[in-house]
2 protein chains.
Amino acid sequence: MIPMTQPARVPDPLPSWNNMTVKEALIGFVELVTGDSPGGFVPGEERIAVFDNDGTLCSEMPVLMQFAFIAERVRALLPEYPEWKDKSPFKEILCGDMHGALSSGRGGISGVLAATYTGMTTVQFEHEVTRWMNTARHPVTGRLYTEMVYQPMLELLAYLRKNLFKIFIVSASGIDFMRPWTQGVYGIPPEQVIGSSIRLKYEVHDEVPVLIRLPNVEIFDEGEEKPVAIHHFIGRRPILVFGDSDGDLQMLQWGASGSGPRFAGLIHHTGTEWECVHEANNSDLPDGKHGRVLSEAYARGWTVVDMKRDWRTIFPFET
Amino acid sequence: MIPMTQPARVPDPLPSWNNMTVKEALIGFVELVTGDSPGGFVPGEERIAVFDNDGTLCSEMPVLMQFAFIAERVRALLPEYPEWKDKSPFKEILCGDMHGALSSGRGGISGVLAATYTGMTTVQFEHEVTRWMNTARHPVTGRLYTEMVYQPMLELLAYLRKNLFKIFIVSASGIDFMRPWTQGVYGIPPEQVIGSSIRLKYEVHDEVPVLIRLPNVEIFDEGEEKPVAIHHFIGRRPILVFGDSDGDLQMLQWGASGSGPRFAGLIHHTGTEWECVHEANNSDLPDGKHGRVLSEAYARGWTVVDMKRDWRTIFPFET
């Protein structure tokens with residue numbers, strides 16, 4: 001006798017997401033583009049998804065981490081450059097005052113970048129980043145920086161990959177600062193990481209070809225440069241975009257405006273008073289208004305992920 | 001009774017290649033990196049292969065084609081710019097004198113690029129390229145340009161893909177000029193095409209985000225810029241590199257010099273008097289010497305593909 005078949009119990013692909021509208025919207029979108037409804041199906045090779053990194057896939061980790069990484073170098077070079085003790089933004093960096101250092105603007109930051117990890121080869125820089133990543137810890141939680149990633153987003157990445165999405169990171173962080181660890185942390189290979197970059201120069205030293213890091217910022221991958229970089233690196237428009245701040249606004253607009261099914265998601269940092277960097281960009285303002293990207297998300301019907309409401313856990317070490 | 005097993009007859013992965021040293025070297029390399037010999041195996045995700053396009057994967061098609069594509073535009077715009085009739089390199093372009101036009105150097109060519117397909121959106125440009133590709137024919141053979149690809153290289157691409165290589169094009173041709181057709185012709189998706197590019201600017205026109213092509217060359221992806229672009233786009237060093245001219249020299253050096261198994265291949269254009277553009281770069285010179293990249297290939301033991309000797313057929317329409 002043939003046993004009665006029971007409907008297979010499908011495991012929940014997003015167990016750290018509460019069963020609310022946002023989770024339904026995500027699963028509904030994936031089922032739409034992989035299903036056979038007319039106007040819904042998207043071929044696998046066109047399932048391009050892009051994610052901001054800092055504040056979207058992880059805590060403000062990369063900014064803090066890159067700050068600490070640079071601060072270590074500034075301290076190491078200080079004997080050679082004693083004048084840094086009285087010069088902004090070096091003096092703020094030496095005091096650990098990240099906000100003060102950042103307030104020096106792009107010019108000041110470019111000066112620091114030019115003074116620290118340039119003049120070395122890309123291979124040497126990769127060794128420095130890897131050594132750092134394996135040892136440096138978050139000042140508040142004491143965790144390795146690479147543990148400070150959002151568990152619900154790791155589940156979303158895995159779910160998308162299982163449905164043949166090709167996932168790219170599009171971040172303002174340094175491209176060569178992210179690439180050594182994105183594969184291990186997110187399962188995203190180096191060729192799918194897009195970020196800010198400095199100029200490189202090809203040289204041959206004693207018969208060995210090297211790429212030298214020059215002290216010039218080439219791409220600052222933020223704001224309007226994000227859709228430009230997406231076109232430049234990927235050459236097609238993503239159908240799913242996730243960001244968390246004003247620096248992601250144009251990337252969200254670009255992804256949301258193509259033909260066919262589209263998903264634009266914004267991480268809204270509710271209940272995250274423990275973050276070291278306040279995410280003012282997408283906050284609810286005291287007068288009941290919203291920051292710019294949050295206003296646009298509500299106006300355009302993008303999906304707003306309320307961390308406190310929509311997520312059951314935040315970090316992998318909590319599960 | 002169990003029948004005697006016969007060794008399975010493995011189909012030849014490279015039927016258009018003559019059974020010579022070069023074919024053996026290619027198959028030997030793929031078997032080495034996919035096999036289990038210590039120091040030989042390379043994990044699938046690190047099997048990055050890069051190919052120059054023009055003269056490596058196809059006849060001089062892209063240069064000619066891009067020249068014809070630009071010439072069409074110059075003719076169309078001539079009523080607005082009658083002065084072009086007496087101005088280099090526009091006048092050479094109008095006469096169909098590609099060599100004369102190219103001799104105006106990078107400055108002249110940049111002027112033409114700035115005057116022709118800029119001020120339009122990336123979407124409009126893609127439509128122009130696609131329309132052109134579907135109709136324009138090679139002046140000598142009368143074939144569609146997309147048919148003028150090398151059959152032995154198509155087989156090599158398929159063989160590498162089957163062995164989990166991820167294949168990138170790294171070309172001096174315009175990145176957005178190649179991307180609309182590389183998937184159909186080579187099976188290489190847009191995000192694995194690297195080329196020269198002009199600046200783009202993000203704008204919102206009547207609520208619709210667009211990327212506008214500006215009249216400034218951003219990257220001229222040739223020579224020393226090729227390894228820089230490989231690092232920038234891919235973030236790791238390829239283990240297999242193929243080129244055909246001095247513009248590929250640094251990319252070949254870069255790929256050949258990493259650790260572990262390496263394959264550097266150079267297409268030597270023997271017996272191709274029918275090509276419209278003479279490939280002086282890798283020729284055998286009358287005095288028994290060689291062009292620069294060919295000399296380096298022999299000196300370093302790179303694999304030189306002698307088209308006349310190593311290939312059984314050249315184009316798919318001949319098979």
# chains A, B, ... in the order shown; residues from 1 in each chain; ligands from 1
$ closest_atom_pairs --of "chain B" --to "chain A" --cutoff "6 Å" --atoms "only C-alpha atoms" --output "CSV"
residue,atom,partner,partner_atom,distance
B:Pro190,CA,A:Gly235,CA,5.4
B:Glu191,CA,A:Ile234,CA,4.1
B:Tyr202,CA,A:Glu224,CA,5.8
B:Pro209,CA,A:Trp254,CA,5.9
B:Glu224,CA,A:Tyr202,CA,5.8
B:Ile234,CA,A:Glu191,CA,4.1
B:Gly235,CA,A:Pro190,CA,5.4
B:Trp254,CA,A:Pro209,CA,6.0
$ write_last_selection --atoms "all heavy atoms" --output "mmCIF file, in the first residue's frame"
data_model
loop_
_atom_site.group_PDB
_atom_site.id
_atom_site.type_symbol
_atom_site.label_atom_id
_atom_site.label_comp_id
_atom_site.auth_asym_id
_atom_site.auth_seq_id
_atom_site.Cartn_x
_atom_site.Cartn_y
_atom_site.Cartn_z
ATOM 1 N N PRO B 190 28.454 39.904 -18.279
ATOM 2 C CA PRO B 190 28.960 41.278 -18.214
ATOM 3 C C PRO B 190 29.882 41.532 -17.023
ATOM 4 O O PRO B 190 30.858 42.277 -17.151
ATOM 5 C CB PRO B 190 27.693 42.140 -18.098
ATOM 6 C CG PRO B 190 26.539 41.263 -18.368
ATOM 7 C CD PRO B 190 26.991 39.839 -18.388
ATOM 8 N N GLU B 191 29.568 40.912 -15.869
ATOM 9 C CA GLU B 191 30.377 41.199 -14.673
ATOM 10 C C GLU B 191 31.749 40.551 -14.742
ATOM 11 O O GLU B 191 32.559 40.732 -13.838
ATOM 12 C CB GLU B 191 29.625 40.778 -13.400
ATOM 13 C CG GLU B 191 29.333 39.298 -13.263
ATOM 14 C CD GLU B 191 27.988 38.884 -13.846
ATOM 15 O OE1 GLU B 191 27.474 39.603 -14.737
ATOM 16 O OE2 GLU B 191 27.457 37.839 -13.424
ATOM 17 N N TYR B 202 25.876 59.976 -12.302
ATOM 18 C CA TYR B 202 24.522 59.618 -11.890
ATOM 19 C C TYR B 202 23.645 60.866 -11.883
ATOM 20 O O TYR B 202 24.012 61.888 -11.305
ATOM 21 C CB TYR B 202 24.574 59.022 -10.482
ATOM 22 C CG TYR B 202 23.227 58.617 -9.927
ATOM 23 C CD1 TYR B 202 22.645 57.408 -10.289
ATOM 24 C CD2 TYR B 202 22.541 59.443 -9.044
ATOM 25 C CE1 TYR B 202 21.421 57.029 -9.772
ATOM 26 C CE2 TYR B 202 21.312 59.067 -8.520
ATOM 27 C CZ TYR B 202 20.759 57.855 -8.896
ATOM 28 O OH TYR B 202 19.545 57.480 -8.388
ATOM 29 N N PRO B 209 16.270 57.552 -12.505
ATOM 30 C CA PRO B 209 17.737 57.605 -12.385
ATOM 31 C C PRO B 209 18.404 57.123 -13.674
ATOM 32 O O PRO B 209 17.973 56.123 -14.265
ATOM 33 C CB PRO B 209 18.043 56.616 -11.250
ATOM 34 C CG PRO B 209 16.748 56.324 -10.591
ATOM 35 C CD PRO B 209 15.686 56.528 -11.623
ATOM 36 N N GLU B 224 50.402 48.359 -18.742
ATOM 37 C CA GLU B 224 50.533 48.308 -17.283
ATOM 38 C C GLU B 224 49.192 48.452 -16.565
ATOM 39 O O GLU B 224 49.078 48.098 -15.392
ATOM 40 C CB GLU B 224 51.475 49.424 -16.804
ATOM 41 C CG GLU B 224 52.886 49.240 -17.300
ATOM 42 C CD GLU B 224 53.851 50.270 -16.736
ATOM 43 O OE1 GLU B 224 53.380 51.229 -16.085
ATOM 44 O OE2 GLU B 224 55.065 50.108 -16.957
ATOM 45 N N ILE B 234 39.042 42.004 -9.848
ATOM 46 C CA ILE B 234 38.978 40.600 -9.427
ATOM 47 C C ILE B 234 39.535 40.430 -8.019
ATOM 48 O O ILE B 234 39.016 39.629 -7.235
ATOM 49 C CB ILE B 234 39.742 39.685 -10.422
ATOM 50 C CG1 ILE B 234 39.264 39.947 -11.862
ATOM 51 C CG2 ILE B 234 39.560 38.221 -10.039
ATOM 52 C CD1 ILE B 234 40.015 39.155 -12.923
ATOM 53 N N GLY B 235 40.608 41.155 -7.713
ATOM 54 C CA GLY B 235 41.159 41.088 -6.359
ATOM 55 C C GLY B 235 41.989 39.851 -6.096
ATOM 56 O O GLY B 235 42.367 39.592 -4.964
ATOM 57 N N TRP B 254 52.308 39.343 -14.881
ATOM 58 C CA TRP B 254 51.629 39.324 -13.583
ATOM 59 C C TRP B 254 51.045 37.944 -13.291
ATOM 60 O O TRP B 254 51.254 37.373 -12.217
ATOM 61 C CB TRP B 254 50.531 40.394 -13.586
ATOM 62 C CG TRP B 254 49.706 40.485 -12.342
ATOM 63 C CD1 TRP B 254 48.366 40.239 -12.226
ATOM 64 C CD2 TRP B 254 50.154 40.870 -11.036
ATOM 65 N NE1 TRP B 254 47.955 40.447 -10.933
ATOM 66 C CE2 TRP B 254 49.031 40.830 -10.173
ATOM 67 C CE3 TRP B 254 51.385 41.232 -10.498
ATOM 68 C CZ2 TRP B 254 49.096 41.143 -8.818
ATOM 69 C CZ3 TRP B 254 51.462 41.547 -9.143
ATOM 70 C CH2 TRP B 254 50.334 41.501 -8.327
#
$ residues_around --residues "segment 314-317 of chain A" --least-positions-apart "3" --cutoff "10 Å" --atoms "only C-alpha atoms" --output "PyMOL selection string"
chain A and resi 16-17+58-59+143+147-154+272+307-308+311
$ write_last_selection --atoms "N, CA, C and O atoms" --output "PDB file, in the first residue's frame"
ATOM      1  N   SER A  16      16.087  33.681  12.080  1.00  0.00           N
ATOM      2  CA  SER A  16      16.338  34.805  12.997  1.00  0.00           C
ATOM      3  C   SER A  16      15.459  36.022  12.685  1.00  0.00           C
ATOM      4  O   SER A  16      15.617  37.070  13.311  1.00  0.00           O
ATOM      5  N   TRP A  17      14.582  35.878  11.689  1.00  0.00           N
ATOM      6  CA  TRP A  17      13.666  36.964  11.356  1.00  0.00           C
ATOM      7  C   TRP A  17      12.300  36.635  11.984  1.00  0.00           C
ATOM      8  O   TRP A  17      11.820  35.515  11.876  1.00  0.00           O
ATOM      9  N   CYS A  58      26.648  44.175   8.862  1.00  0.00           N
ATOM     10  CA  CYS A  58      27.345  44.057  10.140  1.00  0.00           C
ATOM     11  C   CYS A  58      27.195  45.357  10.903  1.00  0.00           C
ATOM     12  O   CYS A  58      26.784  46.371  10.356  1.00  0.00           O
ATOM     13  N   SER A  59      27.570  45.277  12.146  1.00  0.00           N
ATOM     14  CA  SER A  59      27.622  46.458  12.994  1.00  0.00           C
ATOM     15  C   SER A  59      28.558  47.481  12.360  1.00  0.00           C
ATOM     16  O   SER A  59      29.125  47.238  11.304  1.00  0.00           O
ATOM     17  N   ARG A 143      34.735  41.134  21.224  1.00  0.00           N
ATOM     18  CA  ARG A 143      34.696  40.091  20.186  1.00  0.00           C
ATOM     19  C   ARG A 143      35.633  40.447  19.031  1.00  0.00           C
ATOM     20  O   ARG A 143      35.913  41.619  18.794  1.00  0.00           O
ATOM     21  N   GLU A 147      33.183  38.765  14.105  1.00  0.00           N
ATOM     22  CA  GLU A 147      32.014  38.131  14.727  1.00  0.00           C
ATOM     23  C   GLU A 147      30.841  39.107  14.835  1.00  0.00           C
ATOM     24  O   GLU A 147      29.737  38.701  15.163  1.00  0.00           O
ATOM     25  N   MET A 148      31.112  40.397  14.592  1.00  0.00           N
ATOM     26  CA  MET A 148      30.083  41.418  14.794  1.00  0.00           C
ATOM     27  C   MET A 148      29.200  41.588  13.554  1.00  0.00           C
ATOM     28  O   MET A 148      28.836  42.703  13.189  1.00  0.00           O
ATOM     29  N   VAL A 149      28.889  40.478  12.906  1.00  0.00           N
ATOM     30  CA  VAL A 149      28.039  40.528  11.707  1.00  0.00           C
ATOM     31  C   VAL A 149      26.603  40.180  12.103  1.00  0.00           C
ATOM     32  O   VAL A 149      26.373  39.519  13.105  1.00  0.00           O
ATOM     33  N   TYR A 150      25.653  40.633  11.314  1.00  0.00           N
ATOM     34  CA  TYR A 150      24.248  40.426  11.648  1.00  0.00           C
ATOM     35  C   TYR A 150      23.783  39.026  11.226  1.00  0.00           C
ATOM     36  O   TYR A 150      23.742  38.709  10.023  1.00  0.00           O
ATOM     37  N   GLN A 151      23.415  38.222  12.181  1.00  0.00           N
ATOM     38  CA  GLN A 151      22.961  36.853  11.908  1.00  0.00           C
ATOM     39  C   GLN A 151      21.782  36.813  10.910  1.00  0.00           C
ATOM     40  O   GLN A 151      21.784  35.990   9.987  1.00  0.00           O
ATOM     41  N   PRO A 152      20.761  37.692  11.050  1.00  0.00           N
ATOM     42  CA  PRO A 152      19.653  37.625  10.079  1.00  0.00           C
ATOM     43  C   PRO A 152      20.118  37.873   8.643  1.00  0.00           C
ATOM     44  O   PRO A 152      19.584  37.285   7.701  1.00  0.00           O
ATOM     45  N   MET A 153      21.139  38.735   8.486  1.00  0.00           N
ATOM     46  CA  MET A 153      21.615  39.013   7.133  1.00  0.00           C
ATOM     47  C   MET A 153      22.449  37.844   6.598  1.00  0.00           C
ATOM     48  O   MET A 153      22.417  37.561   5.391  1.00  0.00           O
ATOM     49  N   LEU A 154      23.173  37.147   7.471  1.00  0.00           N
ATOM     50  CA  LEU A 154      23.885  35.935   7.021  1.00  0.00           C
ATOM     51  C   LEU A 154      22.876  34.925   6.477  1.00  0.00           C
ATOM     52  O   LEU A 154      23.109  34.279   5.450  1.00  0.00           O
ATOM     53  N   THR A 272      19.440  50.040  18.951  1.00  0.00           N
ATOM     54  CA  THR A 272      20.870  49.709  18.860  1.00  0.00           C
ATOM     55  C   THR A 272      21.692  50.773  19.570  1.00  0.00           C
ATOM     56  O   THR A 272      22.672  51.268  19.035  1.00  0.00           O
ATOM     57  N   MET A 307      15.124  46.805  12.981  1.00  0.00           N
ATOM     58  CA  MET A 307      15.935  45.768  13.636  1.00  0.00           C
ATOM     59  C   MET A 307      15.289  45.231  14.903  1.00  0.00           C
ATOM     60  O   MET A 307      15.268  44.026  15.146  1.00  0.00           O
ATOM     61  N   LYS A 308      14.761  46.143  15.724  1.00  0.00           N
ATOM     62  CA  LYS A 308      14.194  45.723  17.006  1.00  0.00           C
ATOM     63  C   LYS A 308      12.943  44.874  16.788  1.00  0.00           C
ATOM     64  O   LYS A 308      12.724  43.871  17.475  1.00  0.00           O
ATOM     65  N   TRP A 311      13.947  41.480  13.883  1.00  0.00           N
ATOM     66  CA  TRP A 311      15.000  40.491  14.119  1.00  0.00           C
ATOM     67  C   TRP A 311      14.868  39.856  15.499  1.00  0.00           C
ATOM     68  O   TRP A 311      14.707  40.552  16.500  1.00  0.00           O
TER      69      TRP A 311
END
$ select_by_dssp --residues "segment 70-311 of chain B" --states "alpha helix (DSSP H)" --output "ChimeraX atom specification"
/B:70-77,90-95,98-102,105-116,122-135,151-162,175-186,225-233,249-256,292-300,307-310
$ write_last_selection --atoms "C-alpha atoms" --output "mmCIF file, in the first residue's frame"
data_model
loop_
_atom_site.group_PDB
_atom_site.id
_atom_site.type_symbol
_atom_site.label_atom_id
_atom_site.label_comp_id
_atom_site.auth_asym_id
_atom_site.auth_seq_id
_atom_site.Cartn_x
_atom_site.Cartn_y
_atom_site.Cartn_z
ATOM 1 C CA ILE B 70 32.264 55.153 -34.398
ATOM 2 C CA ALA B 71 32.528 56.006 -38.107
ATOM 3 C CA GLU B 72 28.769 55.540 -38.470
ATOM 4 C CA ARG B 73 28.218 58.019 -35.664
ATOM 5 C CA VAL B 74 30.733 60.506 -37.079
ATOM 6 C CA ARG B 75 28.918 60.396 -40.440
ATOM 7 C CA ALA B 76 25.560 60.898 -38.730
ATOM 8 C CA LEU B 77 26.819 63.911 -36.781
ATOM 9 C CA PHE B 90 37.733 62.712 -38.078
ATOM 10 C CA LYS B 91 38.709 63.082 -41.728
ATOM 11 C CA GLU B 92 40.557 59.738 -41.680
ATOM 12 C CA ILE B 93 37.549 58.100 -40.028
ATOM 13 C CA LEU B 94 35.256 59.514 -42.731
ATOM 14 C CA CYS B 95 37.559 58.011 -45.408
ATOM 15 C CA MET B 98 41.615 53.244 -39.643
ATOM 16 C CA HIS B 99 45.412 53.241 -39.567
ATOM 17 C CA GLY B 100 45.502 56.963 -40.248
ATOM 18 C CA ALA B 101 42.956 57.579 -37.506
ATOM 19 C CA LEU B 102 44.821 55.416 -34.977
ATOM 20 C CA GLY B 105 47.359 58.715 -30.865
ATOM 21 C CA ARG B 106 45.489 58.608 -27.613
ATOM 22 C CA GLY B 107 44.676 62.326 -27.630
ATOM 23 C CA GLY B 108 43.042 62.161 -31.052
ATOM 24 C CA ILE B 109 41.118 59.013 -30.252
ATOM 25 C CA SER B 110 39.923 60.476 -26.956
ATOM 26 C CA GLY B 111 38.616 63.483 -28.878
ATOM 27 C CA VAL B 112 36.596 61.209 -31.147
ATOM 28 C CA LEU B 113 35.214 59.208 -28.236
ATOM 29 C CA ALA B 114 34.259 62.436 -26.484
ATOM 30 C CA ALA B 115 32.452 63.681 -29.600
ATOM 31 C CA THR B 116 30.472 60.580 -30.486
ATOM 32 C CA THR B 122 24.218 53.862 -20.545
ATOM 33 C CA VAL B 123 20.882 52.321 -21.542
ATOM 34 C CA GLN B 124 20.776 54.286 -24.832
ATOM 35 C CA PHE B 125 24.375 53.282 -25.562
ATOM 36 C CA GLU B 126 23.594 49.625 -24.958
ATOM 37 C CA HIS B 127 20.712 49.844 -27.456
ATOM 38 C CA GLU B 128 23.058 51.397 -30.050
ATOM 39 C CA VAL B 129 25.651 48.645 -29.584
ATOM 40 C CA THR B 130 23.063 45.858 -29.747
ATOM 41 C CA ARG B 131 21.435 47.275 -32.909
ATOM 42 C CA TRP B 132 24.861 47.553 -34.512
ATOM 43 C CA MET B 133 25.990 44.046 -33.552
ATOM 44 C CA ASN B 134 22.884 42.475 -35.035
ATOM 45 C CA THR B 135 23.419 44.011 -38.467
ATOM 46 C CA GLN B 151 36.752 28.255 -32.758
ATOM 47 C CA PRO B 152 39.746 26.721 -30.888
ATOM 48 C CA MET B 153 39.436 29.405 -28.202
ATOM 49 C CA LEU B 154 35.679 28.792 -27.842
ATOM 50 C CA GLU B 155 36.551 25.157 -27.147
ATOM 51 C CA LEU B 156 39.193 26.212 -24.628
ATOM 52 C CA LEU B 157 36.701 28.480 -22.809
ATOM 53 C CA ALA B 158 34.164 25.642 -22.604
ATOM 54 C CA TYR B 159 36.822 23.208 -21.384
ATOM 55 C CA LEU B 160 37.989 25.616 -18.667
ATOM 56 C CA ARG B 161 34.420 26.378 -17.565
ATOM 57 C CA LYS B 162 33.693 22.665 -17.301
ATOM 58 C CA ILE B 175 33.832 47.878 -21.473
ATOM 59 C CA ASP B 176 30.287 48.906 -22.403
ATOM 60 C CA PHE B 177 30.960 48.164 -26.066
ATOM 61 C CA MET B 178 31.756 44.508 -25.251
ATOM 62 C CA ARG B 179 29.287 43.682 -22.518
ATOM 63 C CA PRO B 180 26.089 43.499 -24.593
ATOM 64 C CA TRP B 181 27.404 40.561 -26.646
ATOM 65 C CA THR B 182 30.057 38.619 -24.679
ATOM 66 C CA GLN B 183 27.463 36.384 -22.994
ATOM 67 C CA GLY B 184 25.976 35.276 -26.319
ATOM 68 C CA VAL B 185 29.288 34.914 -28.144
ATOM 69 C CA TYR B 186 31.615 33.564 -25.440
ATOM 70 C CA GLU B 225 46.891 49.141 -16.630
ATOM 71 C CA LYS B 226 45.838 45.527 -17.287
ATOM 72 C CA PRO B 227 47.322 43.998 -14.101
ATOM 73 C CA VAL B 228 46.046 47.050 -12.187
ATOM 74 C CA ALA B 229 42.532 46.484 -13.575
ATOM 75 C CA ILE B 230 42.740 42.754 -12.803
ATOM 76 C CA HIS B 231 43.550 43.527 -9.185
ATOM 77 C CA HIS B 232 40.871 46.212 -9.035
ATOM 78 C CA PHE B 233 38.049 44.117 -10.508
ATOM 79 C CA LEU B 249 52.834 41.854 -21.753
ATOM 80 C CA GLN B 250 52.398 43.094 -18.172
ATOM 81 C CA MET B 251 49.230 41.062 -17.679
ATOM 82 C CA LEU B 252 51.120 37.938 -18.799
ATOM 83 C CA GLN B 253 54.024 38.773 -16.475
ATOM 84 C CA TRP B 254 51.629 39.324 -13.583
ATOM 85 C CA GLY B 255 49.739 36.085 -14.054
ATOM 86 C CA ALA B 256 52.884 34.050 -14.686
ATOM 87 C CA ARG B 292 58.794 42.214 -27.774
ATOM 88 C CA VAL B 293 56.078 40.025 -26.278
ATOM 89 C CA LEU B 294 57.100 37.061 -28.437
ATOM 90 C CA SER B 295 60.726 37.403 -27.315
ATOM 91 C CA GLU B 296 59.621 37.484 -23.685
ATOM 92 C CA ALA B 297 57.370 34.458 -24.213
ATOM 93 C CA TYR B 298 60.268 32.412 -25.606
ATOM 94 C CA ALA B 299 62.651 33.665 -22.902
ATOM 95 C CA ARG B 300 60.268 32.811 -20.055
ATOM 96 C CA MET B 307 47.888 29.516 -35.194
ATOM 97 C CA LYS B 308 48.959 27.880 -38.431
ATOM 98 C CA ARG B 309 50.630 24.934 -36.731
ATOM 99 C CA ASP B 310 48.385 24.405 -33.699
#
$ closest_residue --among "A:Ala136, A:Leu240, A:Ala172, A:Ala25" --to "Ile48 of chain A" --atoms "only C-alpha atoms"
A:Leu240
$ residues_around --residues "Arg47 of chain B" --least-positions-apart "3" --cutoff "10 Å" --atoms "only C-alpha atoms" --output "JSON, numbers by chain"
{"B": [30, 33, 34, 41, 42, 43, 44, 160, 161, 163, 164, 165, 166, 167, 237, 238, 239, 240]}
$ closest_residue --among "A:Asp206, A:Glu222, A:Asp52, A:Glu318" --to "Val241 of chain A" --atoms "only C-alpha atoms"
A:Asp52
